[in-house]
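**Q** Contents of coords33.txt (compact mmCIF, C-alpha atoms and all ligand atoms) are below:
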```txt
# COMPACT_ATOMS: atom_id res chain seq x y z
CA MET M 19 -12.87 8.89 -25.05
CA THR M 20 -13.73 11.49 -22.47
CA THR M 21 -15.38 14.82 -23.37
CA SER M 22 -13.22 17.92 -23.17
CA ALA M 23 -14.84 18.96 -19.87
CA GLN M 24 -14.08 15.51 -18.46
CA THR M 25 -10.52 15.65 -19.76
CA GLU M 26 -10.05 18.99 -18.05
CA ARG M 27 -11.39 17.57 -14.80
CA ILE M 28 -8.95 14.67 -14.99
CA HIS M 29 -6.01 16.97 -15.73
CA LYS M 30 -6.81 19.19 -12.76
CA ALA M 31 -7.08 16.16 -10.49
CA LEU M 32 -3.81 14.65 -11.71
CA ASP M 33 -2.01 17.91 -11.00
CA THR M 34 -2.44 17.26 -7.29
CA PHE M 35 -2.55 13.45 -7.19
CA ALA M 36 0.66 12.09 -5.68
CA ILE M 37 1.42 8.63 -4.43
CA GLU M 38 4.32 7.69 -2.16
CA LEU M 39 6.66 4.79 -2.92
CA PRO M 40 7.92 2.30 -0.31
CA SER M 41 11.71 1.99 -0.11
CA TRP M 42 11.25 -1.67 0.82
CA GLY M 43 9.69 -2.40 -2.57
CA PHE M 44 13.02 -1.99 -4.39
CA SER M 45 15.26 -4.53 -2.66
CA ASN M 46 15.22 -8.31 -2.89
CA THR M 47 12.58 -9.62 -0.54
CA GLY M 48 10.74 -12.91 -0.57
CA THR M 49 8.20 -15.05 1.12
CA ARG M 50 8.89 -17.33 4.04
CA PHE M 51 9.61 -20.05 1.47
CA GLY M 52 12.46 -18.22 -0.18
CA LYS M 53 13.62 -15.38 -2.36
CA PHE M 54 13.93 -15.12 -6.12
CA ILE M 55 16.82 -12.77 -6.61
CA GLN M 56 16.79 -10.02 -9.24
CA ASP M 57 20.22 -8.82 -10.32
CA SER M 58 18.96 -5.27 -10.73
CA ALA M 59 17.35 -4.98 -7.28
CA ALA M 60 18.62 -2.27 -4.96
CA THR M 61 21.22 -3.34 -2.41
CA THR M 62 21.51 -0.12 -0.39
CA THR M 63 19.24 2.69 0.74
CA GLU M 64 20.91 4.93 -1.81
CA GLU M 65 20.01 2.47 -4.58
CA LYS M 66 16.43 2.10 -3.35
CA LEU M 67 16.03 5.86 -3.47
CA ALA M 68 17.68 6.01 -6.90
CA ASP M 69 15.17 3.47 -8.24
CA ALA M 70 12.28 5.37 -6.64
CA GLY M 71 13.65 8.48 -8.34
CA GLN M 72 13.31 6.69 -11.68
CA VAL M 73 9.67 5.92 -10.98
CA HIS M 74 9.03 9.59 -10.22
CA HIS M 75 11.07 10.72 -13.22
CA PHE M 76 8.92 8.69 -15.62
CA THR M 77 5.49 9.00 -13.97
CA GLY M 78 5.69 12.48 -12.43
CA CYS M 79 3.40 11.40 -9.60
CA CYS M 80 5.69 9.80 -6.99
CA PRO M 81 7.67 12.64 -5.43
CA SER M 82 8.24 11.00 -2.03
CA VAL M 83 9.48 7.73 -0.57
CA ALA M 84 8.49 6.05 2.70
CA THR M 85 11.37 4.51 4.60
CA HIS M 86 11.69 1.81 7.24
CA VAL M 87 14.03 2.89 10.03
CA LEU M 88 15.77 -0.42 10.67
CA TRP M 89 16.27 -1.14 6.98
CA ASP M 90 17.13 2.38 5.75
CA PHE M 91 18.64 4.12 8.77
CA PRO M 92 20.93 1.37 10.11
CA GLU M 93 22.53 3.81 12.54
CA GLY M 94 19.28 5.50 13.47
CA LEU M 95 19.50 9.26 13.84
CA LYS M 96 23.16 9.20 12.80
CA SER M 97 22.17 7.96 9.32
CA THR M 98 19.76 10.81 8.71
CA SER M 99 21.95 13.25 6.79
CA SER M 100 23.22 10.61 4.35
CA VAL M 101 19.69 9.34 3.63
CA ILE M 102 18.49 12.91 3.07
CA ALA M 103 21.40 13.47 0.66
CA SER M 104 20.62 10.24 -1.25
CA ALA M 105 16.98 11.27 -1.62
CA ALA M 106 17.93 14.71 -2.92
CA LYS M 107 20.36 13.12 -5.39
CA ALA M 108 17.58 10.84 -6.64
CA GLY M 109 15.14 13.74 -7.07
CA VAL M 110 12.69 12.60 -4.40
CA ARG M 111 11.97 13.62 -0.81
CA LEU M 112 11.60 11.45 2.25
CA GLY M 113 8.02 10.67 3.22
CA ALA M 114 6.59 8.56 6.03
CA ILE M 115 9.04 7.19 8.58
CA ASN M 116 8.25 3.60 9.62
CA PRO M 117 9.69 2.37 12.91
CA ASN M 118 10.34 -1.35 13.08
CA VAL M 119 9.30 -2.99 16.33
CA PHE M 120 8.53 -6.43 14.95
CA GLN M 121 11.83 -7.89 13.81
CA ASP M 122 14.21 -7.97 16.76
CA GLN M 123 14.41 -11.08 18.93
CA ILE M 124 13.11 -9.17 21.95
CA TYR M 125 9.73 -8.75 20.26
CA LYS M 126 8.69 -12.40 20.43
CA ASN M 127 5.77 -11.45 22.67
CA GLY M 128 5.20 -8.06 21.14
CA SER M 129 6.45 -4.48 21.41
CA LEU M 130 4.24 -1.81 23.00
CA GLY M 131 1.91 -4.62 24.10
CA ASN M 132 4.66 -6.78 25.60
CA PRO M 133 4.08 -7.84 29.23
CA ASN M 134 7.72 -7.00 29.96
CA THR M 135 8.15 -3.32 30.91
CA LYS M 136 11.73 -3.18 29.61
CA ILE M 137 10.73 -4.43 26.17
CA ARG M 138 7.86 -1.97 25.99
CA GLN M 139 10.38 0.75 26.82
CA ALA M 140 12.82 -0.49 24.15
CA ALA M 141 10.03 -0.34 21.56
CA LEU M 142 9.02 3.12 22.70
CA ASP M 143 12.63 4.33 22.53
CA HIS M 144 12.88 3.14 18.93
CA ILE M 145 9.58 4.81 18.04
CA LEU M 146 10.66 8.07 19.67
CA GLU M 147 13.94 7.95 17.77
CA SER M 148 11.88 7.52 14.60
CA VAL M 149 9.86 10.61 15.56
CA GLU M 150 13.14 12.53 15.84
CA ILE M 151 14.33 11.16 12.49
CA GLY M 152 11.05 12.41 11.02
CA LYS M 153 11.71 15.89 12.41
CA GLN M 154 15.13 15.95 10.75
CA THR M 155 13.97 14.60 7.40
CA GLY M 156 11.03 17.02 7.37
CA SER M 157 8.66 14.06 7.05
CA ARG M 158 5.16 14.74 8.16
CA ASP M 159 4.09 11.21 9.06
CA VAL M 160 5.42 8.58 11.42
CA SER M 161 3.68 5.45 10.23
CA LEU M 162 3.10 2.84 12.92
CA TRP M 163 2.41 -0.78 12.25
CA PHE M 164 2.63 -3.28 15.10
CA GLY M 165 2.88 -7.00 14.57
CA ASP M 166 1.77 -7.40 18.20
CA GLY M 167 -0.62 -10.16 19.15
CA SER M 168 -0.70 -13.74 20.38
CA SER M 169 -1.14 -17.15 18.81
CA TYR M 170 -2.58 -19.13 21.72
CA PRO M 171 -5.82 -18.39 23.56
CA GLY M 172 -5.18 -17.38 27.16
CA SER M 173 -1.48 -16.75 26.60
CA GLN M 174 -1.79 -12.95 26.80
CA SER M 175 -4.11 -10.48 28.49
CA ILE M 176 -5.93 -8.66 25.71
CA ARG M 177 -7.10 -5.94 28.13
CA HIS M 178 -3.71 -5.28 29.68
CA ARG M 179 -2.12 -5.10 26.27
CA LYS M 180 -4.73 -2.55 25.16
CA GLN M 181 -3.80 -0.43 28.18
CA TRP M 182 -0.07 -0.68 27.41
CA PHE M 183 -0.72 0.33 23.81
CA THR M 184 -2.77 3.30 24.98
CA GLU M 185 0.11 4.45 27.18
CA GLY M 186 2.81 3.92 24.53
CA LEU M 187 0.89 5.71 21.80
CA LYS M 188 0.05 8.63 24.11
CA GLU M 189 3.72 8.99 24.91
CA THR M 190 4.57 8.89 21.21
CA HIS M 191 2.01 11.60 20.50
CA ALA M 192 3.50 13.78 23.22
CA HIS M 193 6.79 13.84 21.29
CA LEU M 194 5.35 14.92 17.93
CA SER M 195 6.08 18.41 16.66
CA PRO M 196 3.00 20.42 15.67
CA GLN M 197 3.75 19.58 12.02
CA GLN M 198 3.95 15.84 12.55
CA ARG M 199 1.24 13.20 12.54
CA MET M 200 1.26 9.59 13.63
CA LEU M 201 -0.61 7.09 11.49
CA VAL M 202 -1.89 3.96 13.17
CA GLU M 203 -2.20 0.92 10.90
CA TYR M 204 -4.26 -2.18 11.65
CA LYS M 205 -4.12 -5.74 10.43
CA PRO M 206 -6.35 -8.70 11.38
CA PHE M 207 -3.69 -11.42 11.56
CA GLU M 208 -0.04 -12.23 10.83
CA PRO M 209 2.49 -12.60 12.35
CA TYR M 210 0.16 -13.78 15.13
CA PHE M 211 -2.84 -15.96 14.47
CA TYR M 212 -5.09 -15.86 17.53
CA HIS M 213 -5.39 -12.15 18.30
CA SER M 214 -3.76 -8.99 16.95
CA ASP M 215 -3.65 -6.02 19.31
CA LEU M 216 -4.60 -3.66 16.50
CA GLY M 217 -6.79 -6.06 14.58
CA ASP M 218 -9.17 -3.71 12.81
CA TRP M 219 -10.06 -0.09 12.08
CA GLY M 220 -12.15 0.23 15.25
CA MET M 221 -9.17 -0.67 17.43
CA ALA M 222 -6.91 1.70 15.49
CA LEU M 223 -9.54 4.43 15.80
CA VAL M 224 -9.95 4.02 19.57
CA LEU M 225 -6.20 4.00 20.19
CA SER M 226 -5.64 6.99 17.88
CA ARG M 227 -8.32 8.97 19.70
CA HIS M 228 -6.72 8.16 23.06
CA ALA M 229 -3.30 9.16 21.71
CA GLY M 230 -4.28 12.69 20.64
CA PRO M 231 -5.46 14.88 17.77
CA GLN M 232 -2.42 14.31 15.54
CA ALA M 233 -3.02 10.57 15.45
CA LYS M 234 -5.01 9.23 12.48
CA VAL M 235 -5.84 5.79 11.12
CA LEU M 236 -3.98 4.23 8.19
CA VAL M 237 -5.92 1.87 5.93
CA ASP M 238 -3.79 -0.81 4.24
CA THR M 239 -6.06 -2.29 1.58
CA GLY M 240 -4.51 -5.74 2.13
CA HIS M 241 -5.35 -5.80 5.84
CA HIS M 242 -8.99 -6.86 5.78
CA TYR M 243 -11.00 -10.03 5.85
CA GLN M 244 -12.08 -11.37 2.49
CA ALA M 245 -15.53 -9.80 2.14
CA GLN M 246 -15.00 -6.62 4.13
CA ASN M 247 -16.37 -3.41 2.63
CA ILE M 248 -13.27 -1.22 2.66
CA GLU M 249 -14.91 1.83 1.11
CA GLN M 250 -17.40 1.91 3.96
CA ILE M 251 -14.53 2.00 6.46
CA VAL M 252 -13.01 4.81 4.40
CA ALA M 253 -16.31 6.73 4.37
CA TRP M 254 -16.71 6.40 8.14
CA LEU M 255 -13.14 7.43 8.91
CA LEU M 256 -13.45 10.43 6.59
CA SER M 257 -16.64 11.57 8.25
CA GLU M 258 -14.91 11.31 11.66
CA ASP M 259 -11.85 13.23 10.36
CA MET M 260 -9.78 10.20 11.31
CA LEU M 261 -8.42 8.94 7.99
CA GLY M 262 -4.71 9.72 7.74
CA GLY M 263 -3.51 7.61 4.87
CA PHE M 264 -3.54 4.51 2.73
CA HIS M 265 -1.18 1.67 2.00
CA PHE M 266 -2.29 0.54 -1.43
CA ASN M 267 -1.91 -3.01 -2.72
CA ASP M 268 -4.31 -5.74 -3.73
CA ARG M 269 -5.05 -9.11 -2.22
CA ARG M 270 -6.80 -12.32 -3.05
CA TYR M 271 -6.21 -14.48 0.01
CA ALA M 272 -4.56 -12.53 2.82
CA ASP M 273 -1.96 -9.76 2.91
CA ASP M 274 -0.69 -10.83 -0.51
CA ASP M 275 0.97 -7.56 -1.57
CA LEU M 276 -0.37 -7.97 -5.09
CA THR M 277 -0.34 -5.06 -7.51
CA PHE M 278 -2.87 -2.36 -6.63
CA GLY M 279 -5.99 -2.79 -8.75
CA SER M 280 -4.85 -6.11 -10.23
CA ILE M 281 -7.52 -8.26 -8.58
CA ASP M 282 -10.39 -5.90 -7.84
CA PRO M 283 -9.96 -2.57 -9.63
CA TYR M 284 -13.62 -1.72 -8.99
CA GLN M 285 -12.97 -1.76 -5.25
CA ALA M 286 -10.01 0.60 -5.62
CA PHE M 287 -12.23 2.87 -7.73
CA ARG M 288 -14.97 2.78 -5.08
CA ILE M 289 -12.43 3.74 -2.40
CA PHE M 290 -11.31 6.75 -4.47
CA ASN M 291 -14.94 7.57 -5.14
CA GLU M 292 -15.61 7.85 -1.39
CA VAL M 293 -12.70 10.24 -0.98
CA ILE M 294 -13.65 12.39 -3.96
CA GLY M 295 -17.34 12.39 -3.00
CA PHE M 296 -16.38 13.56 0.50
CA GLU M 297 -14.16 16.30 -0.92
CA ARG M 298 -16.83 17.57 -3.27
CA GLU M 299 -19.53 17.57 -0.62
CA THR M 300 -17.45 19.28 2.07
CA GLY M 301 -15.53 21.56 -0.29
CA LYS M 302 -12.26 20.65 1.43
CA ARG M 303 -9.39 18.44 0.47
CA ALA M 304 -9.13 15.21 2.48
CA ASP M 305 -5.81 15.28 4.31
CA ILE M 306 -4.67 11.84 3.25
CA ALA M 307 -1.26 10.34 2.45
CA TYR M 308 -1.60 7.96 -0.51
CA MET M 309 1.15 5.38 -0.26
CA ILE M 310 2.00 2.10 -1.95
CA ASP M 311 2.88 -0.85 0.27
CA GLN M 312 3.96 -3.66 -2.03
CA SER M 313 7.10 -5.70 -2.21
CA HIS M 314 7.38 -7.78 -5.33
CA ASN M 315 9.30 -10.99 -5.52
CA LEU M 316 8.57 -11.93 -9.13
CA LYS M 317 8.09 -8.85 -11.33
CA ASP M 318 10.86 -6.33 -11.95
CA LYS M 319 10.60 -3.98 -8.99
CA THR M 320 10.99 -0.61 -10.65
CA GLU M 321 8.76 -1.57 -13.57
CA GLU M 322 6.17 -2.85 -11.13
CA MET M 323 6.13 0.43 -9.22
CA ILE M 324 5.63 2.32 -12.49
CA GLN M 325 2.77 -0.04 -13.33
CA THR M 326 1.23 0.53 -9.89
CA ALA M 327 1.55 4.31 -9.98
CA THR M 328 0.00 4.55 -13.44
CA THR M 329 -2.79 2.16 -12.43
CA ALA M 330 -3.51 4.38 -9.43
CA GLN M 331 -3.68 7.40 -11.73
CA GLU M 332 -6.18 5.57 -13.96
CA LEU M 333 -8.45 4.45 -11.13
CA TYR M 334 -8.32 7.88 -9.52
CA SER M 335 -9.17 9.55 -12.84
CA LYS M 336 -12.16 7.26 -13.30
CA ALA M 337 -13.42 8.22 -9.84
CA VAL M 338 -12.98 11.89 -10.73
CA LEU M 339 -15.52 11.32 -13.53
CA VAL M 340 -18.32 10.26 -11.18
CA ASP M 341 -21.11 12.80 -11.43
CA HIS M 342 -21.82 13.20 -7.72
CA GLU M 343 -24.70 15.62 -8.19
CA LYS M 344 -26.46 13.11 -10.37
CA LEU M 345 -25.55 10.27 -8.03
CA THR M 346 -27.01 12.08 -5.00
CA HIS M 347 -30.15 12.87 -6.97
CA HIS M 348 -30.67 9.20 -7.84
CA GLN M 349 -29.90 8.14 -4.27
CA LEU M 350 -32.44 10.57 -2.80
CA LYS M 351 -35.09 9.50 -5.28
CA GLY M 352 -34.44 5.84 -4.58
CA GLU M 353 -33.44 5.25 -8.22
CA LEU M 354 -31.24 2.31 -7.42
CA LEU M 355 -30.37 1.14 -10.88
CA ASP M 356 -29.62 4.66 -12.15
CA ALA M 357 -27.42 5.36 -9.14
CA GLU M 358 -25.46 2.19 -9.76
CA GLU M 359 -25.16 2.92 -13.49
CA CYS M 360 -23.84 6.37 -12.64
CA LEU M 361 -20.89 4.75 -10.82
CA LYS M 362 -20.41 2.10 -13.47
CA SER M 363 -20.32 4.51 -16.38
CA ALA M 364 -17.47 6.46 -14.73
CA PHE M 365 -15.65 3.20 -14.01
CA SER M 366 -15.94 2.01 -17.59
CA SER M 367 -14.70 5.28 -19.14
CA ASP M 368 -11.40 5.02 -20.96
CA VAL M 369 -9.33 7.65 -19.20
CA ARG M 370 -6.01 6.64 -20.73
CA PRO M 371 -6.02 9.16 -23.62
CA ALA M 372 -6.70 12.00 -21.14
CA ILE M 373 -3.83 10.80 -18.92
CA ARG M 374 -1.48 10.58 -21.89
CA GLU M 375 -2.37 14.15 -22.78
CA TRP M 376 -1.68 15.23 -19.19
CA ARG M 377 1.75 13.60 -19.34
CA LYS M 378 2.53 15.32 -22.61
CA SER M 379 1.58 18.68 -21.13
CA LYS M 380 4.04 18.05 -18.28
CA GLY M 381 6.89 17.06 -20.58
CA LEU M 382 6.62 13.43 -19.49
CA ALA M 383 6.68 10.37 -21.71
CA GLU M 384 3.16 9.34 -22.68
CA GLU M 385 3.93 5.72 -21.80
CA PRO M 386 6.13 5.73 -18.67
CA LEU M 387 6.80 2.00 -18.66
CA GLN M 388 7.99 1.92 -22.27
CA ALA M 389 10.13 5.00 -21.72
CA PHE M 390 11.71 3.48 -18.62
CA ARG M 391 12.45 0.26 -20.50
CA ALA M 392 14.01 2.21 -23.36
CA SER M 393 16.26 4.10 -20.94
CA GLY M 394 18.43 1.03 -20.29
CA TYR M 395 18.38 1.69 -16.52
CA THR M 396 17.68 -1.94 -15.60
CA ALA M 397 20.56 -3.31 -17.66
CA ARG M 398 22.93 -0.82 -16.02
CA ALA M 399 21.62 -1.72 -12.57
CA GLU M 400 22.05 -5.44 -13.32
CA LYS M 401 25.66 -4.85 -14.21
CA GLU M 402 26.41 -2.70 -11.20
CA ARG M 403 24.47 -4.71 -8.63
CA GLY M 404 24.44 -8.26 -9.98
CA ALA M 405 27.44 -9.50 -8.05
CA LYS M 406 26.21 -7.99 -4.79
CA ASN M 407 22.80 -9.56 -5.26
CA LYS M 408 24.28 -12.95 -6.16
CA GLY M 409 26.45 -12.69 -3.04
CA ALA M 410 23.28 -12.19 -1.04
CA VAL M 411 21.87 -15.46 -2.47
CA ALA M 412 25.01 -17.32 -1.49
CA SER M 413 24.82 -16.04 2.06
CA TYR M 414 21.09 -16.74 2.15
CA ALA M 415 21.45 -20.35 1.05
C1 LIG M 501 2.70 -5.05 7.52
O1 LIG M 501 2.12 -6.12 6.85
C2 LIG M 501 2.87 -3.85 6.60
O2 LIG M 501 1.69 -3.61 5.89
C3 LIG M 501 3.28 -2.61 7.39
O3 LIG M 501 2.81 -1.45 6.77
C4 LIG M 501 4.77 -2.67 7.30
O4 LIG M 501 5.38 -1.44 7.57
C5 LIG M 501 4.95 -3.12 5.87
O5 LIG M 501 3.91 -4.08 5.67
C6 LIG M 501 6.30 -3.68 5.52
O6 LIG M 501 6.62 -4.78 6.32
MN MN M 502 1.09 -1.62 5.30
```
So that I can check it, write out the structure of this file as structure tokens.
**A**
Amino acid sequence: MTTSAQTERIHKALDTFAIELPSWGFSNTGTRFGKFIQDSAATTTEEKLADAGQVHHFTGCCPSVATHVLWDFPEGLKSTSSVIASAAKAGVRLGAINPNVFQDQIYKNGSLGNPNTKIRQAALDHILESVEIGKQTGSRDVSLWFGDGSSYPGSQSIRHRKQWFTEGLKETHAHLSPQQRMLVEYKPFEPYFYHSDLGDWGMALVLSRHAGPQAKVLVDTGHHYQAQNIEQIVAWLLSEDMLGGFHFNDRRYADDDLTFGSIDPYQAFRIFNEVIGFERETGKRADIAYMIDQSHNLKDKTEEMIQTATTAQELYSKAVLVDHEKLTHHQLKGELLDAEECLKSAFSSDVRPAIREWRKSKGLAEEPLQAFRASGYTARAEKERGAKNKGAVASYA
């Protein structure tokens, strides 16, 4: 149990803690070996937003949804008003807009890093259309991930591609409204396996700085090598005012898209601890978009998002309990063991009763997952969408 002062601290923190859902986490997706179809999975953008609305309805902490332009705005800018209407109907707003410059056939050798000028231009046109979509949806962030890279040494000029990326991202920045930001995401490998143009946070940082002041780095927790210290990257980006957002998920081998906090919850806690420590020390709120980037093939999708959002609330609440004054004192005195224990005691606190109380005070169910299950939503979705999803299997086979 937490003390009443601790409970109060958690409640205050939860009042402002929001985490964005990915639209792509609600439809049937798979691995390159196949898909396991769920009858209740969303089959349209409207259904994806409706499911996201359920997650927000039961957790109270997921008011916005990130979309992927190619998957959610099939007619680009022309689709905007209908997607906005579907979001409003579902009780959520549209969050980060994600252009897709990795899927079309033309992108075999990359997008903004492609040696072919025309393909670079096609990628830029799509990104600029996404910027315009963002203006219409009132989304603050255009979230950029590039699959660009190469799989064979010598097959591409790493330096030329860096230059082309610099130019493309500068041009993108020039089209942002003063309210917009562009978030630049990095990933060490996949879909290419020799070099990735934006392979790590240093590359994303350099390119963001060249692009302009509204460009910030996005840290996807799954996009690191096995032993990398992610909280250190977070601390450095924060101190440079260059951290724009997170894509939360967990990983064991590569970019596994496992449930956030399911493999290494202590790491997720340490990441939150860096953010909260920074905020307390500077007295200002870190301007960060917390987003989930997971797409589950095995667990029920809506249930899984509820599980992820509530896990994030728990890990964030634990980090809120770190006594930073005490921690700094131990650090300055060189009291290593006490400093470490200070972190560990916050991590091992049971924050669940305090979170349940917070939910009660907001008129939410104390156990969102149970309440969602009891609502019968999944059974209704199975009935309404089952045939469409089964049809998709037939066409897939
Ligand atoms: C790429 O692995 C990534 O993390 C990017 O954020 C994409 O937008 C997302 O996954 C979905 O493909
Ligand atoms: Mn991501």
**Q** So, counting all atoms listed in the file, which residue among M:Thr239, M:Ser161, M:Leu39, M:His342 is closest to Ala357 in chain M?
**A** M:His342
**Q** Which residues sit within 10 Å of ligand MN 502 (chain M), counting all atoms listed in the file, listed as number ranges by chain?
**A** M: 40, 116, 161-163, 203-205, 236-241, 264-267, 273, 275, 309-312
**Q** Can you list, as a PyMOL selection string, every protein, DNA or RNA residue that comes within 10 Å of Val202 in chain M when you count only C-alpha atoms, leaving out same-chain residues fewer than 4 positions away?
**A** chain M and resi 160-164+187+216+219+221-223+225-226+233-237+261-263
**Q** Restricting the calculation to only C-alpha atoms and all ligand atoms, which member of M:Pro371, M:Gly43, M:Gly220, M:Pro231 is positioned closest to ligand LIG 501 (chain M)?
**A**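 For ligand LIG 501 (chain M), the nearest of the candidates is M:Gly43.
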**Q** With 12 Å as the threshold, what does the neighbourhood of (7.3, -3.7, 21.2) contain in terms of residues, counting all atoms listed in the file? Coordinates are those of the file; answer as a ChimeraX atom specification.
**A** /M:117-145,162-167,179,182-183,186-187,215
**Q** Go ahead and compute the interatomic distance for CA of Glu322 in chain M and CA of Gly279 in chain M, in Å to one decimal.
**A**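 If I compute the distance from CA of Glu322 in chain M to CA of Gly279 in chain M, I get 12.4 Å.
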**Q** So how far away is CA of Lys344 in chain M from CA of Asn247 in chain M, in Å?
**A**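 It comes out at 23.3 Å.
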**Q** Mind giving me the straight-line distance from CA of Leu32 in chain M to CA of Trp376 in chain M in Å, one decimal?
**A**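 Those two atoms sit 7.8 Å apart.
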